[in-house]
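Peer 1: Okay, so here is my_file18.cif, and as you'll see once you scroll down, it has mmCIF, N, CA and C atoms.
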data_final
loop_
_atom_site.label_atom_id
_atom_site.label_comp_id
_atom_site.auth_asym_id
_atom_site.auth_seq_id
_atom_site.Cartn_x
_atom_site.Cartn_y
_atom_site.Cartn_z
N MET A 7 112.33 115.07 108.17
CA MET A 7 112.43 114.30 109.39
C MET A 7 113.02 112.94 109.06
N ARG A 8 113.73 112.37 110.00
CA ARG A 8 114.39 111.08 109.82
C ARG A 8 113.57 110.01 110.52
N LEU A 9 113.26 108.92 109.77
CA LEU A 9 112.50 107.81 110.32
C LEU A 9 113.33 106.54 110.29
N ASN A 10 113.24 105.77 111.37
CA ASN A 10 113.85 104.45 111.43
C ASN A 10 112.73 103.44 111.31
N ILE A 11 112.88 102.49 110.38
CA ILE A 11 111.82 101.55 110.07
C ILE A 11 112.36 100.13 110.18
N ALA A 12 111.74 99.32 111.02
CA ALA A 12 112.10 97.91 111.14
C ALA A 12 111.36 97.14 110.05
N LEU A 13 112.05 96.18 109.44
CA LEU A 13 111.48 95.39 108.36
C LEU A 13 111.40 93.92 108.77
N PHE A 14 110.31 93.26 108.39
CA PHE A 14 110.12 91.87 108.75
C PHE A 14 109.76 91.04 107.52
N GLY A 15 110.05 89.74 107.60
CA GLY A 15 109.64 88.80 106.56
C GLY A 15 110.14 89.18 105.18
N VAL A 16 109.23 89.07 104.22
CA VAL A 16 109.60 89.31 102.83
C VAL A 16 109.99 90.78 102.58
N ALA A 17 109.49 91.70 103.38
CA ALA A 17 109.89 93.10 103.25
C ALA A 17 111.39 93.23 103.52
N ARG A 18 111.87 92.51 104.50
CA ARG A 18 113.30 92.51 104.82
C ARG A 18 114.10 91.93 103.65
N GLU A 19 113.58 90.86 103.06
CA GLU A 19 114.25 90.23 101.92
C GLU A 19 114.30 91.16 100.71
N ILE A 20 113.20 91.85 100.44
CA ILE A 20 113.14 92.76 99.30
C ILE A 20 114.14 93.89 99.45
N VAL A 21 114.18 94.48 100.62
CA VAL A 21 115.06 95.64 100.86
C VAL A 21 116.51 95.20 101.05
N GLY A 22 116.70 93.97 101.57
CA GLY A 22 118.05 93.46 101.74
C GLY A 22 118.72 93.83 103.03
N GLN A 23 117.93 94.31 104.00
CA GLN A 23 118.47 94.65 105.31
C GLN A 23 117.33 94.65 106.33
N PRO A 24 117.65 94.54 107.62
CA PRO A 24 116.60 94.44 108.64
C PRO A 24 115.93 95.75 109.02
N SER A 25 116.53 96.87 108.60
CA SER A 25 115.93 98.16 108.93
C SER A 25 116.36 99.20 107.91
N LEU A 26 115.60 100.28 107.88
CA LEU A 26 115.87 101.41 106.99
C LEU A 26 115.89 102.68 107.80
N GLU A 27 116.70 103.60 107.40
CA GLU A 27 116.64 104.96 107.94
C GLU A 27 116.43 105.86 106.73
N ILE A 28 115.30 106.56 106.71
CA ILE A 28 115.03 107.42 105.56
C ILE A 28 114.73 108.84 106.03
N GLU A 29 114.97 109.76 105.15
CA GLU A 29 114.65 111.17 105.37
C GLU A 29 113.37 111.44 104.58
N THR A 30 112.37 111.99 105.23
CA THR A 30 111.09 112.27 104.58
C THR A 30 110.53 113.59 105.09
N THR A 31 109.45 114.04 104.48
CA THR A 31 108.87 115.32 104.87
C THR A 31 108.19 115.24 106.23
N ALA A 32 108.23 116.32 106.97
CA ALA A 32 107.56 116.38 108.27
C ALA A 32 106.06 116.21 108.07
N GLY A 33 105.42 115.50 108.98
CA GLY A 33 103.99 115.30 108.91
C GLY A 33 103.58 114.17 107.98
N GLN A 34 104.54 113.37 107.52
CA GLN A 34 104.24 112.24 106.64
C GLN A 34 103.25 111.29 107.32
N SER A 35 102.33 110.75 106.55
CA SER A 35 101.36 109.77 107.09
C SER A 35 101.86 108.37 106.78
N ALA A 36 101.23 107.39 107.41
CA ALA A 36 101.57 106.00 107.13
C ALA A 36 101.35 105.69 105.65
N ARG A 37 100.27 106.17 105.07
CA ARG A 37 100.00 105.97 103.63
C ARG A 37 101.09 106.61 102.78
N GLY A 38 101.49 107.82 103.14
CA GLY A 38 102.55 108.51 102.41
C GLY A 38 103.88 107.78 102.49
N LEU A 39 104.17 107.23 103.66
CA LEU A 39 105.39 106.45 103.83
C LEU A 39 105.38 105.24 102.91
N LEU A 40 104.27 104.51 102.87
CA LEU A 40 104.17 103.35 101.99
C LEU A 40 104.35 103.75 100.53
N ALA A 41 103.73 104.85 100.12
CA ALA A 41 103.87 105.32 98.74
C ALA A 41 105.34 105.62 98.43
N GLU A 42 106.01 106.26 99.35
CA GLU A 42 107.43 106.58 99.16
C GLU A 42 108.27 105.31 99.06
N LEU A 43 107.99 104.35 99.93
CA LEU A 43 108.74 103.09 99.90
C LEU A 43 108.45 102.27 98.65
N HIS A 44 107.21 102.34 98.15
CA HIS A 44 106.87 101.64 96.90
C HIS A 44 107.67 102.22 95.74
N THR A 45 107.92 103.52 95.77
CA THR A 45 108.72 104.16 94.73
C THR A 45 110.19 103.73 94.83
N ARG A 46 110.71 103.69 96.04
CA ARG A 46 112.11 103.31 96.24
C ARG A 46 112.34 101.81 96.02
N TYR A 47 111.35 101.00 96.41
CA TYR A 47 111.45 99.54 96.33
C TYR A 47 110.19 99.00 95.65
N PRO A 48 110.11 99.03 94.33
CA PRO A 48 108.90 98.64 93.61
C PRO A 48 108.38 97.24 93.96
N ALA A 49 109.25 96.32 94.34
CA ALA A 49 108.80 94.98 94.70
C ALA A 49 107.89 94.99 95.93
N LEU A 50 108.03 95.99 96.79
CA LEU A 50 107.12 96.10 97.94
C LEU A 50 105.68 96.34 97.50
N ALA A 51 105.51 97.06 96.39
CA ALA A 51 104.17 97.36 95.88
C ALA A 51 103.48 96.11 95.37
N ALA A 52 104.24 95.07 95.04
CA ALA A 52 103.66 93.83 94.52
C ALA A 52 103.10 92.94 95.64
N LEU A 53 103.39 93.25 96.89
CA LEU A 53 102.87 92.44 98.00
C LEU A 53 101.36 92.63 98.11
N SER A 54 100.66 91.56 98.48
CA SER A 54 99.20 91.63 98.60
C SER A 54 98.76 92.59 99.69
N SER A 55 99.57 92.75 100.70
CA SER A 55 99.31 93.74 101.74
C SER A 55 100.62 94.03 102.46
N LEU A 56 100.69 95.18 103.05
CA LEU A 56 101.86 95.58 103.82
C LEU A 56 101.37 96.54 104.89
N ALA A 57 101.39 96.08 106.13
CA ALA A 57 100.89 96.90 107.23
C ALA A 57 102.00 97.75 107.81
N VAL A 58 101.63 98.92 108.28
CA VAL A 58 102.55 99.80 108.99
C VAL A 58 102.14 99.79 110.45
N ALA A 59 103.09 99.52 111.32
CA ALA A 59 102.84 99.59 112.76
C ALA A 59 103.63 100.78 113.30
N VAL A 60 102.98 101.54 114.17
CA VAL A 60 103.62 102.69 114.79
C VAL A 60 103.48 102.53 116.30
N ASN A 61 104.62 102.50 116.97
CA ASN A 61 104.65 102.33 118.42
C ASN A 61 103.86 101.10 118.87
N ASN A 62 104.12 100.00 118.17
CA ASN A 62 103.55 98.67 118.50
C ASN A 62 102.06 98.53 118.25
N GLU A 63 101.47 99.38 117.43
CA GLU A 63 100.06 99.26 117.06
C GLU A 63 99.92 99.47 115.56
N TYR A 64 99.02 98.68 114.94
CA TYR A 64 98.77 98.88 113.52
C TYR A 64 98.27 100.31 113.31
N ALA A 65 98.79 100.94 112.27
CA ALA A 65 98.48 102.35 112.00
C ALA A 65 97.44 102.46 110.88
N ALA A 66 96.51 103.39 111.05
CA ALA A 66 95.58 103.73 109.98
C ALA A 66 96.35 104.50 108.91
N ASP A 67 95.81 104.54 107.69
CA ASP A 67 96.49 105.22 106.59
C ASP A 67 96.82 106.67 106.91
N ASP A 68 95.95 107.34 107.65
CA ASP A 68 96.15 108.77 107.91
C ASP A 68 96.92 109.05 109.21
N THR A 69 97.46 108.02 109.84
CA THR A 69 98.24 108.23 111.07
C THR A 69 99.49 109.05 110.76
N PRO A 70 99.66 110.18 111.44
CA PRO A 70 100.87 110.98 111.22
C PRO A 70 102.08 110.31 111.88
N LEU A 71 103.21 110.41 111.24
CA LEU A 71 104.43 109.83 111.77
C LEU A 71 105.31 110.92 112.36
N HIS A 72 106.05 110.55 113.40
CA HIS A 72 106.95 111.49 114.07
C HIS A 72 108.34 110.86 114.15
N GLU A 73 109.33 111.71 114.24
CA GLU A 73 110.71 111.26 114.17
C GLU A 73 111.06 110.19 115.21
N ARG A 74 110.52 110.24 116.36
CA ARG A 74 110.88 109.29 117.41
C ARG A 74 109.96 108.05 117.46
N ASP A 75 109.04 107.95 116.53
CA ASP A 75 108.15 106.79 116.50
C ASP A 75 108.91 105.52 116.19
N GLU A 76 108.43 104.41 116.76
CA GLU A 76 108.92 103.08 116.43
C GLU A 76 108.06 102.57 115.28
N ILE A 77 108.63 102.46 114.09
CA ILE A 77 107.86 102.12 112.90
C ILE A 77 108.32 100.76 112.39
N ALA A 78 107.35 99.94 111.98
CA ALA A 78 107.67 98.62 111.43
C ALA A 78 106.79 98.35 110.22
N LEU A 79 107.34 97.66 109.23
CA LEU A 79 106.58 97.19 108.08
C LEU A 79 106.34 95.71 108.27
N ILE A 80 105.07 95.33 108.23
CA ILE A 80 104.69 93.95 108.49
C ILE A 80 104.02 93.40 107.23
N PRO A 81 104.68 92.47 106.54
CA PRO A 81 104.13 91.91 105.31
C PRO A 81 103.08 90.85 105.63
N PRO A 82 102.38 90.36 104.60
CA PRO A 82 101.42 89.28 104.84
C PRO A 82 102.15 88.04 105.37
N VAL A 83 101.45 87.31 106.20
CA VAL A 83 102.06 86.13 106.83
C VAL A 83 101.15 84.93 106.54
N SER A 84 101.76 83.81 106.25
CA SER A 84 100.97 82.59 106.08
C SER A 84 101.42 81.61 107.14
N GLY A 85 100.56 80.70 107.44
CA GLY A 85 100.90 79.71 108.46
C GLY A 85 99.85 78.62 108.49
N GLY A 86 100.04 77.73 109.36
CA GLY A 86 99.09 76.64 109.42
C GLY A 86 99.03 76.00 110.77
#
Please go through the file and, once you have read it, give me the structure as structure tokens.
Peer 2:
Amino acid sequence: MRLNIALFGVAREIVGQPSLEIETTAGQSARGLLAELHTRYPALAALSSLAVAVNNEYAADDTPLHERDEIALIPPVSGG
């Protein structure tokens, strides 16, 4: 299945583009997607946290992903 993933903040900087289109196995979970992305982009694994949002809501690790889902990677944010 083909997934389109929006990238924000430092995740965008690490990957070098604002979005990714990847081919992955059907039934992939949010956790599985992160594991796959950590393999492709090892610097993502060094982040203290990296949230996956699916259809504008934070996803649990076991959330199944579907080809038409709106997926985003949200890195840790600091502010004041």
Peer 1: Pick the closest to Ile80 (chain A) from A:Met7, A:Leu50, A:Leu39, A:Leu13: which is it, counting only C-alpha atoms?
Peer 2: A:Leu13
Peer 1: Given the file shown, enumerate the residues that the PyMOL selection byres ((chain A and resi 8) around 5) captures and present them as a list in words.
Peer 2: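 For this structure, the PyMOL selection byres ((chain A and resi 8) around 5) captures Met7, Leu9, Asn10, Ile28, Glu29, Thr30 and Glu73 of chain A.
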Peer 1: Could you please take those selected residues and save N, CA and C atoms as a PDB file, in the coordinates of the input?
Peer 2:
ATOM      1  N   MET A   7     112.330 115.070 108.170  1.00  0.00           N
ATOM      2  CA  MET A   7     112.430 114.300 109.390  1.00  0.00           C
ATOM      3  C   MET A   7     113.020 112.940 109.060  1.00  0.00           C
ATOM      4  N   LEU A   9     113.260 108.920 109.770  1.00  0.00           N
ATOM      5  CA  LEU A   9     112.500 107.810 110.320  1.00  0.00           C
ATOM      6  C   LEU A   9     113.330 106.540 110.290  1.00  0.00           C
ATOM      7  N   ASN A  10     113.240 105.770 111.370  1.00  0.00           N
ATOM      8  CA  ASN A  10     113.850 104.450 111.430  1.00  0.00           C
ATOM      9  C   ASN A  10     112.730 103.440 111.310  1.00  0.00           C
ATOM     10  N   ILE A  28     115.300 106.560 106.710  1.00  0.00           N
ATOM     11  CA  ILE A  28     115.030 107.420 105.560  1.00  0.00           C
ATOM     12  C   ILE A  28     114.730 108.840 106.030  1.00  0.00           C
ATOM     13  N   GLU A  29     114.970 109.760 105.150  1.00  0.00           N
ATOM     14  CA  GLU A  29     114.650 111.170 105.370  1.00  0.00           C
ATOM     15  C   GLU A  29     113.370 111.440 104.580  1.00  0.00           C
ATOM     16  N   THR A  30     112.370 111.990 105.230  1.00  0.00           N
ATOM     17  CA  THR A  30     111.090 112.270 104.580  1.00  0.00           C
ATOM     18  C   THR A  30     110.530 113.590 105.090  1.00  0.00           C
ATOM     19  N   GLU A  73     109.330 111.710 114.240  1.00  0.00           N
ATOM     20  CA  GLU A  73     110.710 111.260 114.170  1.00  0.00           C
ATOM     21  C   GLU A  73     111.060 110.190 115.210  1.00  0.00           C
TER      22      GLU A  73
END
Peer 1: Identify all residues of region 34-74 of chain A in alpha helix (DSSP H) (DSSP on the backbone) and supply them as a count of residues only.
Peer 2: 15
Peer 1: Could you give me the residues within chain A that DSSP places in strand (DSSP E), as an NGL selection string?
Peer 2: :A and (8-13 or 25-29 or 57-60 or 63-64 or 77-80)
Peer 1: Would you translate the PyMOL selection byres (((chain A and resi 11 and name CA) around 10) and name CA) into the concrete set of residues it matches in this file, as an MDAnalysis selection string?
Peer 2: chainID A and resid 8:10 12:14 24:28 58:60 75:79
Peer 1: Work out how far apart atom C of Val21 (chain A) and CA of Tyr47 (chain A) are and give it in Å to one decimal.
Peer 2: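 CA of Tyr47 (chain A) lies 8.2 Å from atom C of Val21 (chain A).
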Peer 1: Can you list, as a list of chain:residue names, the residues that the PyMOL selection byres ((chain A and resi 37) around 8) selects here?
Peer 2: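 The output of the PyMOL selection byres ((chain A and resi 37) around 8) on this file is A:Gln34, A:Ser35, A:Ala36, A:Gly38, A:Leu39, A:Leu40, A:Ala41, A:Glu42, A:Leu43, A:Val58, A:Ala65, A:Ala66, A:Asp67, A:Asp68, A:Thr69, A:Pro70.
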